[in-house]
Amino acid sequence: MKGWPGEPDMEHDVLMADGNAAGAAGKPITDVIFDFGNVLIYWDPAAALIARYSQETIDQFLDNDVSGFYDGNDLMDAGATPAEGVAWMRETHGDKWADILQYYVDNFEDSLTGIVPGMRVLVNDLKATGIGVWGLSNWEKELFHCAEENCKILQQLDGKLVSGFVKLRKPHKEIYEAALKDFGIKAETSIFIDDKAMNIVGANEAGIRGIRFSDSRKLREILIAQGVNIPSVR
């Protein structure tokens, strides 16, 4: 199985306000909280492996049922060190996949392949109109500096909460609540943007409306439709 286990069905580019977030529907948006990987910056684990591994091996490594990569990634995002993640994979899935995970960690910066088109300007447009812009991401703490130092868009945010540092992880409700408290913002006037459906579900459980991201223009149009005063796509 490729990709994270437990990912539910959910449309992209649709405002979701289910469950605890239903009461926020129609309320003004004062703050936008962004995930990082494949929302603000591209993250492609295959790109870190391509120099030394065949496409067949990479495909197997990115199949969670074969290597446990996404389970190991979740452990590291939740506070385990890369060394602990590699040791876990070695014990549970064997030396081959643990050695590849070590190579991936050693070459992690190559997995960050650039800014998602349109998002730098969108962040700046939101800031210019007085909307708070924040970051909430699952990320291993020892590897996060690669993103923060090399991706200037992350430096534009008003604040960030990263899972590995607080040992909480999306989609669990507690990390969204920690972010709201840390940023000093309200759930009912915030909106959360993430490429994973499970994380939108988690945001809704914390009372935050969410959008499963695929495209900066579509996101801009949704925000404008919700009353955010930023320039439209012409």
# chains A, B, ... in the order shown; residues from 1 in each chain; ligands from 1
call {"tool": "closest_atom_pairs", "arguments": {"of": "region 157-225 of chain A", "to": "region 58-73 of chain A", "cutoff": "12 Å", "atoms": "only C-alpha atoms", "output": "tab-separated table"}}
result
residue	atom	partner	partner_atom	distance
A:Ser163	CA	A:Asn73	CA	11.7
A:Gly164	CA	A:Asn73	CA	10.8
A:Arg169	CA	A:Asn73	CA	11.2
call {"tool": "residues_around", "arguments": {"residues": "region 186-189 of chain A", "least_positions_apart": "6", "cutoff": "10 Å", "atoms": "only C-alpha atoms", "output": "VMD selection string"}}
result
chain A and resid 20 to 32 176 to 177 179 to 180 203 to 204 206 to 209
call {"tool": "select_by_dssp", "arguments": {"residues": "region 32-231 of chain A", "states": "alpha helix (DSSP H)", "output": "CSV table (one decimal) with C-alpha atoms, in the first residue's frame"}}
result
chain,number,residue,atom,x,y,z
A,55,GLN,CA,12.7,2.9,-9.6
A,56,GLU,CA,11.5,-0.6,-8.6
A,57,THR,CA,13.3,-0.4,-5.3
A,58,ILE,CA,12.0,3.1,-4.6
A,59,ASP,CA,8.5,2.0,-5.4
A,60,GLN,CA,8.9,-0.9,-2.9
A,61,PHE,CA,10.4,1.4,-0.3
A,64,ASN,CA,4.2,0.9,3.5
A,65,ASP,CA,3.2,-2.8,3.5
A,66,VAL,CA,6.7,-3.7,2.2
A,67,SER,CA,9.0,-1.4,4.1
A,69,PHE,CA,8.3,3.7,5.6
A,70,TYR,CA,5.2,5.7,6.4
A,71,ASP,CA,4.8,4.1,9.8
A,72,GLY,CA,8.5,4.9,10.5
A,73,ASN,CA,7.9,8.4,9.2
A,74,ASP,CA,5.0,8.8,11.7
A,75,LEU,CA,7.2,7.7,14.6
A,76,MET,CA,9.8,10.3,13.7
A,77,ASP,CA,7.2,13.0,13.2
A,82,PRO,CA,16.1,9.4,12.9
A,83,ALA,CA,18.4,6.8,14.7
A,84,GLU,CA,15.4,5.5,16.5
A,85,GLY,CA,13.3,5.4,13.3
A,86,VAL,CA,16.0,3.4,11.5
A,87,ALA,CA,16.4,1.0,14.5
A,88,TRP,CA,12.6,0.5,14.5
A,89,MET,CA,12.6,-0.3,10.8
A,90,ARG,CA,15.6,-2.6,11.1
A,91,GLU,CA,13.8,-4.6,13.8
A,92,THR,CA,10.4,-4.7,12.1
A,93,HIS,CA,11.2,-4.8,8.4
A,95,ASP,CA,18.2,-4.5,7.1
A,96,LYS,CA,17.5,-3.7,3.5
A,97,TRP,CA,14.8,-1.1,4.2
A,98,ALA,CA,16.5,0.2,7.3
A,99,ASP,CA,19.6,0.9,5.3
A,100,ILE,CA,17.5,2.8,2.7
A,101,LEU,CA,15.8,4.8,5.4
A,102,GLN,CA,19.3,5.8,6.7
A,103,TYR,CA,20.2,6.9,3.2
A,104,TYR,CA,17.0,8.8,2.9
A,105,VAL,CA,17.7,10.6,6.2
A,106,ASP,CA,21.3,11.4,5.2
A,119,MET,CA,1.8,29.8,-2.6
A,120,ARG,CA,4.5,32.4,-1.9
A,121,VAL,CA,2.4,35.2,-3.4
A,122,LEU,CA,-0.8,33.8,-1.7
A,123,VAL,CA,0.9,34.0,1.7
A,124,ASN,CA,2.1,37.5,1.0
A,125,ASP,CA,-1.4,38.6,-0.2
A,126,LEU,CA,-3.0,37.2,3.0
A,127,LYS,CA,-0.4,39.0,5.2
A,128,ALA,CA,-1.0,42.3,3.3
A,144,PHE,CA,13.3,20.4,10.0
A,145,HIS,CA,16.2,22.8,9.7
A,146,CYS,CA,16.7,21.6,6.1
A,147,ALA,CA,13.3,23.0,5.2
A,148,GLU,CA,13.4,26.2,7.4
A,149,GLU,CA,16.9,27.2,6.2
A,150,ASN,CA,16.3,26.5,2.5
A,152,LYS,CA,12.2,31.1,2.5
A,153,ILE,CA,8.4,30.8,2.4
A,154,LEU,CA,8.5,29.1,5.8
A,155,GLN,CA,10.3,32.2,7.2
A,163,SER,CA,5.2,18.0,15.5
A,164,GLY,CA,8.7,16.6,16.3
A,165,PHE,CA,9.4,19.4,18.8
A,166,VAL,CA,6.2,19.0,20.7
A,173,LYS,CA,-6.8,16.8,18.0
A,174,GLU,CA,-4.3,17.8,20.6
A,175,ILE,CA,-1.8,19.2,18.2
A,176,TYR,CA,-4.4,21.5,16.6
A,177,GLU,CA,-5.4,22.7,20.1
A,178,ALA,CA,-1.7,23.3,20.9
A,179,ALA,CA,-1.3,25.3,17.8
A,180,LEU,CA,-4.3,27.5,18.5
A,181,LYS,CA,-3.0,28.2,22.0
A,182,ASP,CA,0.6,28.8,20.8
A,183,PHE,CA,-0.5,31.2,18.0
A,197,ALA,CA,-7.6,14.1,4.1
A,198,MET,CA,-7.0,12.6,7.6
A,199,ASN,CA,-5.5,15.9,8.7
A,200,ILE,CA,-8.5,17.9,7.6
A,201,VAL,CA,-10.7,15.5,9.6
A,202,GLY,CA,-8.4,16.2,12.6
A,203,ALA,CA,-8.8,19.9,12.1
A,204,ASN,CA,-12.5,19.6,12.0
A,205,GLU,CA,-12.4,17.6,15.3
A,216,SER,CA,-3.0,27.5,-5.2
A,217,ARG,CA,-5.5,29.1,-7.6
A,218,LYS,CA,-8.4,27.0,-6.4
A,219,LEU,CA,-7.4,27.7,-2.8
A,220,ARG,CA,-7.3,31.4,-3.5
A,221,GLU,CA,-10.8,31.2,-5.1
A,222,ILE,CA,-12.2,29.4,-2.0
A,223,LEU,CA,-10.7,32.0,0.4
A,224,ILE,CA,-12.2,34.8,-1.7
A,225,ALA,CA,-15.6,33.1,-1.7
call {"tool": "closest_residue", "arguments": {"among": "A:Ser111, A:Gly94, A:Ser214, A:Lys141", "to": "Pro45 (chain A)", "atoms": "only C-alpha atoms"}}
result
A:Ser111
call {"tool": "select_by_dssp", "arguments": {"residues": "region 198-231 of chain A", "states": "strand (DSSP E)", "output": "PyMOL selection string"}}
result
chain A and resi 209-212
call {"tool": "atom_distance", "arguments": {"atom1": "CA of Lys170 (chain A)", "atom2": "CA of Phe213 (chain A)"}}
result
15.7 Å
call {"tool": "atom_distance", "arguments": {"atom1": "CA of Arg234 (chain A)", "atom2": "CA of Val133 (chain A)"}}
result
23.6 Å
call {"tool": "atom_distance", "arguments": {"atom1": "CA of Ile211 (chain A)", "atom2": "CA of Thr129 (chain A)"}}
result
20.3 Å
call {"tool": "closest_residue", "arguments": {"among": "A:Trp134, A:Val116, A:Gly37, A:Arg52", "to": "Asp215 (chain A)", "atoms": "only C-alpha atoms"}}
result
A:Val116
call {"tool": "closest_residue", "arguments": {"among": "A:Leu40, A:Asp9, A:Thr81, A:Val162", "to": "Leu136 (chain A)", "atoms": "only C-alpha atoms"}}
result
A:Val162
call {"tool": "closest_residue", "arguments": {"among": "A:Val228, A:Trp43, A:Leu161, A:Ala48", "to": "Asn107 (chain A)", "atoms": "only C-alpha atoms"}}
result
A:Ala48
call {"tool": "closest_residue", "arguments": {"among": "A:Ile131, A:Leu168, A:Ala78, A:Leu112", "to": "Phe36 (chain A)", "atoms": "only C-alpha atoms"}}
result
A:Leu112
call {"tool": "closest_residue", "arguments": {"among": "A:Asp110, A:Met16, A:Glu11, A:Ser137", "to": "Asn38 (chain A)", "atoms": "only C-alpha atoms"}}
result
A:Ser137
